[in-house]
Amino acid sequence: MKFGTQLLGLGLSALSLPWAAWVFVGELERLLREAQEQNQQAIVESLAAALSLTVPALDAPRSGVYVRPTSAAPTLDGFASEWDSNLPAHAIDAAGRLTLRLQALQQRLFLWIEVADTTPERSQGIANDAAWSDHVQLDVQSAGVWHGFAFARVATGPLTVLSSDGQSVQGAWQERADGYALELALPAALSPQAIRLTAVDVDGMQRVQLGSGVAQPLMLPMPSLSQALQRLLPEQRVGRVFDLQHRLLAEAGTLPDEVTVSPWRRWLSETLGADALSETLPVDAMTGSRWQALMQGERQQVWRLGESGQWLLETWTPIRRNAGSVVAVFALQSSSDALLLADRARSRLLWITLSAALLVAAVLLAYSFHLSARIRRLHRQAELALLREGRAESMFVVDRRGDELGDLSRSFARLLQEIDAYTHYLRTLAGSLSHELHTPLAVVRSSLDNLESQTADEQARVWLRRAQEGVSRLGSLLRAMSEATRIERAMAAAEAEDFDLVPILQQCVAGWRGLDSDAAFNWQLHLPARCQLHGAPDLIVQALEKLVDNARSFCPPGGRIDIQLHADADSVRLAVCNDGPALPEGNPARLFDSLVSVRNAPRQSGRGPHLGLGLHIVKLVCELHRGHASAENRPAGVCFTLHLRGMPRQR
Amino acid sequence: MQTWSPCDAKLMASSRKATIMSRTIALVEDEPAIRANYVDALHRYGYLVSAFASRPEAQRAFEVRLPDLVIIDVGLGDEPEGGFELCRELRARSATLPILFLSARDEDFDVISGLRLGADDYLSKDISIAQLTTRVAALFRRLDALRQPTLKDTVIRQRGMTLELERMQVRWNEQEVPLTVTEFWMVHSMARHPGHVRSRDQLMRDAHVLVDDATVTSHIKRIRRKFLAVDAAFDEIDTVHGAGYRWRA
């Protein structure tokens, strides 16, 4: 893994900060919620006690059909979709074939009548023939007067029925598989005290009364109870009193309405599912087992999300008469300021920590890029310096900063300096060594020469000759050692000219063939028609001679020596290949360094010593021509290639 | 019947001494072993040798009398270029005095510096005594030849070039080309067989030197340059890449 990636991961770990903040605020919220729950329980208990004492109305018997107050008028379409499904249906007859449900918008009464009658007998639409078809008779007592309405079974659809004294009722008839439903709206002027409802099933000549009964609509809530509640209730809370049938008796108070939970926040908590919101209950939660528990005197507390997006805490508690039986249920609803504050704090904290974490991550990222760029630069420079064998030490730009990377860079610079000095020492070693050895060699040589002229002893002459041979070998060694230095000097003074390499190569190969008197090698020459180059032909020929010398000493007798010239647009490749043994594994570029020799070649008689200077000279010549030298193994043998681009033109 | 013995060798040397009329050679060399060896060798060949270890010592002696030939080492004791200095002074006093440089420093730069000061040759110290004495003898022979203008000389004429073997003189279009002994021998080697390629090894042998190929190349370069200085159109020496050099037929 790259350094940058590692640091990127490190930077991303800063994102755990918002998570920690989220958890912290969640914990805070839980504590606040508990505090509020306890507070609310205390209020609720005291209010319930006060209500049981101050409201005698709770004791009054309440019979009749409960009218649920509604906030919107239901559409008169014969469907019960707008009706509260929790509203209990009042059965008019014992068999439950005729049921009634009531609800009121202010003073206007809405009725929902369901009749089970599977044998339809429809009215023919003639006046007053309701009596001869299935029908519902509704009598409404208002101000002591009864108003009668008859609804004959005609067909599904809206209807308007007039009473004999001109009152009108609007509604809708809905046929069903098991009977029919009737949705009606009484006029607001008609404030009913009692309702008499009769359903008749006509089958041919037979009339069956499905049910008939009088119902007294209980218009709740009770205003007196509401007023009492209003007086007792603390601000910004809603209190409700229900009877034992979960019917609303009184309601007072309002909730502050500006508190909302933002949609994204709701989404986030729903997605994360890690806080109180997951415990919220729907509006009609206080049913079933919870209601049962309430009836047995247990307090209930729920959190829920209000219609307008508020946090609501609802506490339900039974109201007891004289610490005895439960007579009613009191529910207190409050929106949670603390919770809201916590929520806002959480949102803000989330944003702040998130931005801070992103900032930290960005800073870390930028820093990591900076750092890895420095390391990369150091790496590149080190590579470059090694490639150039430290010859251009100014290439290495030392990092002046005082940190560890700066130290490393300085260490590198020192190391490269050392290497440079060492390389320089090695490069000049041969030259200076040969220079230093010249004088003692001259002493030995002149002494031997003198001795030779004075000695006539045959045996002594043999030894002398051997000594002289040794000295002359030493001399040629020294000359070879200083040759690299000499060629380097010669190159500094070399003058470039434009020339064609092709005839020169032809001449060279002809010469070498001529020298190769016993035709030991198979010379091959591959040349283009012409090859213009700007450079020093003498030096190129010298380099080539080194390669050919090399090839001759490695190539087995009868082997091929290939000389190939390829000319590109701006460069020339001159390869000398032979069938000799492959180069050993390792860095082929090292071959061209001074005093490096990898050969285990059989010493060929008459050839000069191998000091690893020949290929060094080749490399120097290539570099003079802005190129380089390379060596590689080919399927059978070795190839040394000069890559030349020509010397830079003066002027 | 004569048999060889050390005694005979001494006799031979003394008899040779008599024939050469005791020429005087000054050897300025700071390395005592080399100095002694060369003195011995030159003595053997019949020369009167006076050896000096430093420049001031040699100068004092030269003020009294100039020798017939001087062999100078370039680096003298603590004077790395003392030999050059000495050469300059000697050349100022005598235009014809043969001067030979003998040095461990055989780089082109030193060679050129030495020859510019008017030395007749510049030799590396790994030369053998035989090669050295050949040169010395050649230089004396030339001196003699110059003193006797009427001497019959072996002359090689080749187009614009006249090569007098005894005087070791080369003229191009009747203008003298100032060649060193080594250079003269190389030109002679090529011009003797015009059209034939002389390899570097052959040139070295003919010039009585033992140097590397790069040095032969720079010798040839210098020879060309000297001819070109006389005649800008000179183009008689061919480079035969991979083989050597030849004088155009």
# chains A, B, ... in the order shown; residues from 1 in each chain; ligands from 1

$ residues_around --residues "His643 in chain A" --least-positions-apart "6" --cutoff "8 Å" --atoms "only C-alpha atoms" --output "list of chain:residue names"
A:Ser571, A:Val572, A:Arg573, A:Leu574, A:Cys622, A:Gly627, A:His628, A:Ala629, A:Ser630

$ residues_around --residues "Pro635 in chain A" --least-positions-apart "5" --cutoff "12 Å" --atoms "only C-alpha atoms" --output "tab-separated table (two decimals) with C-alpha atoms, in the first residue's frame"
chain	number	residue	atom	x	y	z
A	577	CYS	CA	26.87	-9.68	-31.75
A	578	ASN	CA	28.77	-12.90	-31.39
A	579	ASP	CA	28.11	-16.53	-30.67
A	580	GLY	CA	30.02	-16.41	-27.41
A	581	PRO	CA	28.73	-17.53	-24.02
A	582	ALA	CA	25.82	-15.61	-22.48
A	583	LEU	CA	26.40	-12.80	-20.02

$ atom_distance --atom1 "CA of Leu97 in chain B" --atom2 "CA of Leu117 in chain B"
12.6 Å

$ interface_residues --of "chain A" --to "chain B" --cutoff "6 Å" --atoms "only C-alpha atoms" --output "ChimeraX atom specification"
/A:438,442-443,446-447,454,456,507-508,511

$ select_by_dssp --residues "range 71-231 of chain B" --states "strand (DSSP E)" --output "list in words"
Ile71, Ile72, Asp73, Ile99, Leu100, Phe101, Leu102, Ser103, Asp121, Tyr122, Leu123, Ser124, Val155, Ile156, Arg157, Gln158, Met161, Thr162, Leu163, Glu164, Gln169, Val170, Arg171, Trp172, Gln175, Glu176, Val177, Arg198 and Ser199 of chain B

$ atom_distance --atom1 "CA of Asp93 in chain A" --atom2 "CA of Leu210 in chain A"
7.3 Å

$ residues_around --residues "range 136-141 of chain A" --least-positions-apart "2" --cutoff "8 Å" --atoms "only C-alpha atoms" --output "PyMOL selection string"
chain A and resi 134+143-152+192-200

$ residues_around --residues "Leu165 in chain B" --least-positions-apart "2" --cutoff "10 Å" --atoms "only C-alpha atoms" --output "ChimeraX atom specification"
/B:138,141-142,145,153-156,162-163,167-170,184-185,188

$ write_last_selection --atoms "C-alpha atoms" --output "compact mmCIF listing (two decimals), in the first residue's frame"
# COMPACT_ATOMS: atom_id res chain seq x y z
CA ALA B 138 69.57 9.25 -34.80
CA ARG B 141 73.34 11.51 -37.03
CA ARG B 142 71.02 14.27 -38.05
CA ALA B 145 74.21 15.55 -41.56
CA ASP B 153 71.66 11.43 -48.30
CA THR B 154 69.05 8.79 -48.91
CA VAL B 155 66.10 10.76 -50.17
CA ILE B 156 62.55 9.61 -50.68
CA THR B 162 60.96 15.18 -49.91
CA LEU B 163 62.22 12.97 -47.08
CA ARG B 167 69.03 14.72 -41.85
CA MET B 168 65.68 13.43 -40.62
CA GLN B 169 64.13 16.24 -42.52
CA VAL B 170 60.82 16.34 -44.33
CA PHE B 184 59.60 11.46 -38.71
CA TRP B 185 59.95 7.73 -38.34
CA HIS B 188 59.10 7.40 -43.13

$ residues_around --residues "Leu505 in chain A" --least-positions-apart "6" --cutoff "12 Å" --atoms "only C-alpha atoms" --output "PDB file with C-alpha atoms, in the first residue's frame"
ATOM      1  CA  PHE A 499      30.298  11.682 -41.896  1.00  0.00           C
ATOM      2  CA  GLY A 511      40.429  -4.657 -42.177  1.00  0.00           C
ATOM      3  CA  TRP A 512      39.373  -7.078 -39.468  1.00  0.00           C
ATOM      4  CA  ARG A 513      38.702  -9.789 -41.999  1.00  0.00           C
ATOM      5  CA  GLN A 524      28.440 -10.762 -41.125  1.00  0.00           C
ATOM      6  CA  LEU A 525      27.678  -7.172 -41.933  1.00  0.00           C
ATOM      7  CA  HIS A 526      24.171  -5.675 -42.130  1.00  0.00           C
ATOM      8  CA  LEU A 527      24.225  -2.071 -43.233  1.00  0.00           C
ATOM      9  CA  PRO A 528      21.731   0.419 -44.595  1.00  0.00           C
ATOM     10  CA  ALA A 529      22.587   2.299 -47.791  1.00  0.00           C
ATOM     11  CA  ARG A 530      23.917   5.266 -45.869  1.00  0.00           C
ATOM     12  CA  CYS A 531      23.945   6.612 -42.361  1.00  0.00           C
ATOM     13  CA  PRO A 537      34.464   8.778 -36.401  1.00  0.00           C
ATOM     14  CA  ASP A 538      37.837   7.940 -34.846  1.00  0.00           C
ATOM     15  CA  ILE A 540      33.385   5.508 -32.748  1.00  0.00           C
ATOM     16  CA  VAL A 541      35.818   3.224 -34.534  1.00  0.00           C
ATOM     17  CA  GLN A 542      37.840   2.911 -31.339  1.00  0.00           C
ATOM     18  CA  LEU A 544      33.803  -0.501 -32.126  1.00  0.00           C
ATOM     19  CA  GLU A 545      37.281  -1.983 -32.003  1.00  0.00           C
ATOM     20  CA  VAL A 548      35.136  -6.424 -31.816  1.00  0.00           C
ATOM     21  CA  ILE A 563      27.765  -6.178 -37.101  1.00  0.00           C
ATOM     22  CA  GLN A 564      24.405  -4.504 -37.582  1.00  0.00           C
ATOM     23  CA  LEU A 565      23.638  -0.878 -38.165  1.00  0.00           C
ATOM     24  CA  LEU A 574      25.259  -0.160 -33.937  1.00  0.00           C
ATOM     25  CA  ALA A 575      25.275  -3.710 -32.638  1.00  0.00           C
ATOM     26  CA  VAL A 576      28.137  -6.166 -32.433  1.00  0.00           C
TER      27      VAL A 576
ATOM     28  CA  VAL B 240      42.003   2.898 -43.116  1.00  0.00           C
ATOM     29  CA  HIS B 241      39.564   2.147 -40.345  1.00  0.00           C
ATOM     30  CA  GLY B 242      40.157  -1.133 -38.671  1.00  0.00           C
ATOM     31  CA  ALA B 243      43.592  -1.512 -40.245  1.00  0.00           C
TER      32      ALA B 243
END

$ decode --residues "range 435-465 of chain A" --atoms "N, CA and C atoms" --output "short mmCIF file (atom, residue, chain, number, x, y, z; two decimals), in the first residue's frame"
data_model
loop_
_atom_site.label_atom_id
_atom_site.label_comp_id
_atom_site.auth_asym_id
_atom_site.auth_seq_id
_atom_site.Cartn_x
_atom_site.Cartn_y
_atom_site.Cartn_z
N HIS A 435 50.27 5.86 -13.83
CA HIS A 435 51.23 6.95 -13.81
C HIS A 435 52.27 6.74 -12.72
N GLU A 436 51.77 6.34 -11.56
CA GLU A 436 52.68 6.15 -10.43
C GLU A 436 53.62 4.97 -10.66
N LEU A 437 53.13 3.98 -11.41
CA LEU A 437 53.93 2.77 -11.59
C LEU A 437 54.99 2.91 -12.68
N HIS A 438 54.81 3.97 -13.50
CA HIS A 438 55.74 4.16 -14.61
C HIS A 438 57.19 4.24 -14.16
N THR A 439 57.41 5.04 -13.13
CA THR A 439 58.79 5.30 -12.70
C THR A 439 59.47 4.03 -12.18
N PRO A 440 58.87 3.31 -11.20
CA PRO A 440 59.54 2.07 -10.76
C PRO A 440 59.71 1.08 -11.90
N LEU A 441 58.74 1.06 -12.82
CA LEU A 441 58.86 0.14 -13.95
C LEU A 441 60.05 0.52 -14.82
N ALA A 442 60.23 1.84 -14.97
CA ALA A 442 61.36 2.31 -15.77
C ALA A 442 62.68 1.90 -15.11
N VAL A 443 62.69 1.96 -13.77
CA VAL A 443 63.90 1.56 -13.04
C VAL A 443 64.20 0.09 -13.34
N VAL A 444 63.15 -0.75 -13.22
CA VAL A 444 63.35 -2.18 -13.45
C VAL A 444 63.79 -2.43 -14.88
N ARG A 445 63.10 -1.78 -15.81
CA ARG A 445 63.39 -2.03 -17.21
C ARG A 445 64.81 -1.62 -17.56
N SER A 446 65.21 -0.42 -17.11
CA SER A 446 66.55 0.04 -17.49
C SER A 446 67.62 -0.82 -16.82
N SER A 447 67.28 -1.25 -15.58
CA SER A 447 68.25 -2.11 -14.90
C SER A 447 68.42 -3.42 -15.65
N LEU A 448 67.28 -3.98 -16.09
CA LEU A 448 67.35 -5.24 -16.83
C LEU A 448 68.12 -5.06 -18.13
N ASP A 449 67.87 -3.93 -18.81
CA ASP A 449 68.57 -3.66 -20.07
C ASP A 449 70.07 -3.59 -19.84
N ASN A 450 70.44 -2.89 -18.74
CA ASN A 450 71.86 -2.78 -18.43
C ASN A 450 72.47 -4.14 -18.14
N LEU A 451 71.70 -4.90 -17.34
CA LEU A 451 72.18 -6.21 -16.95
C LEU A 451 72.38 -7.08 -18.17
N GLU A 452 71.47 -6.97 -19.13
CA GLU A 452 71.53 -7.79 -20.32
C GLU A 452 72.81 -7.52 -21.09
N SER A 453 73.16 -6.24 -21.15
CA SER A 453 74.33 -5.89 -21.95
C SER A 453 75.62 -6.35 -21.28
N GLN A 454 75.55 -6.61 -19.98
CA GLN A 454 76.76 -7.00 -19.26
C GLN A 454 76.88 -8.50 -19.07
N THR A 455 75.83 -9.24 -19.39
CA THR A 455 75.84 -10.66 -19.06
C THR A 455 75.99 -11.50 -20.32
N ALA A 456 76.90 -12.41 -20.24
CA ALA A 456 77.08 -13.30 -21.38
C ALA A 456 76.66 -14.71 -21.02
N ASP A 457 76.37 -14.89 -19.73
CA ASP A 457 75.99 -16.22 -19.25
C ASP A 457 74.66 -16.62 -19.89
N GLU A 458 74.64 -17.76 -20.55
CA GLU A 458 73.44 -18.18 -21.28
C GLU A 458 72.25 -18.33 -20.34
N GLN A 459 72.53 -18.99 -19.17
CA GLN A 459 71.44 -19.23 -18.22
C GLN A 459 70.87 -17.92 -17.70
N ALA A 460 71.80 -17.01 -17.40
CA ALA A 460 71.36 -15.71 -16.90
C ALA A 460 70.55 -14.98 -17.96
N ARG A 461 70.90 -15.13 -19.23
CA ARG A 461 70.18 -14.47 -20.32
C ARG A 461 68.74 -14.99 -20.42
N VAL A 462 68.58 -16.30 -20.18
CA VAL A 462 67.22 -16.87 -20.21
C VAL A 462 66.36 -16.19 -19.16
N TRP A 463 66.93 -16.07 -17.94
CA TRP A 463 66.17 -15.46 -16.86
C TRP A 463 65.89 -14.00 -17.16
N LEU A 464 66.91 -13.37 -17.75
CA LEU A 464 66.76 -11.96 -18.08
C LEU A 464 65.62 -11.77 -19.07
N ARG A 465 65.59 -12.66 -20.06
CA ARG A 465 64.55 -12.54 -21.08
C ARG A 465 63.16 -12.69 -20.44
#
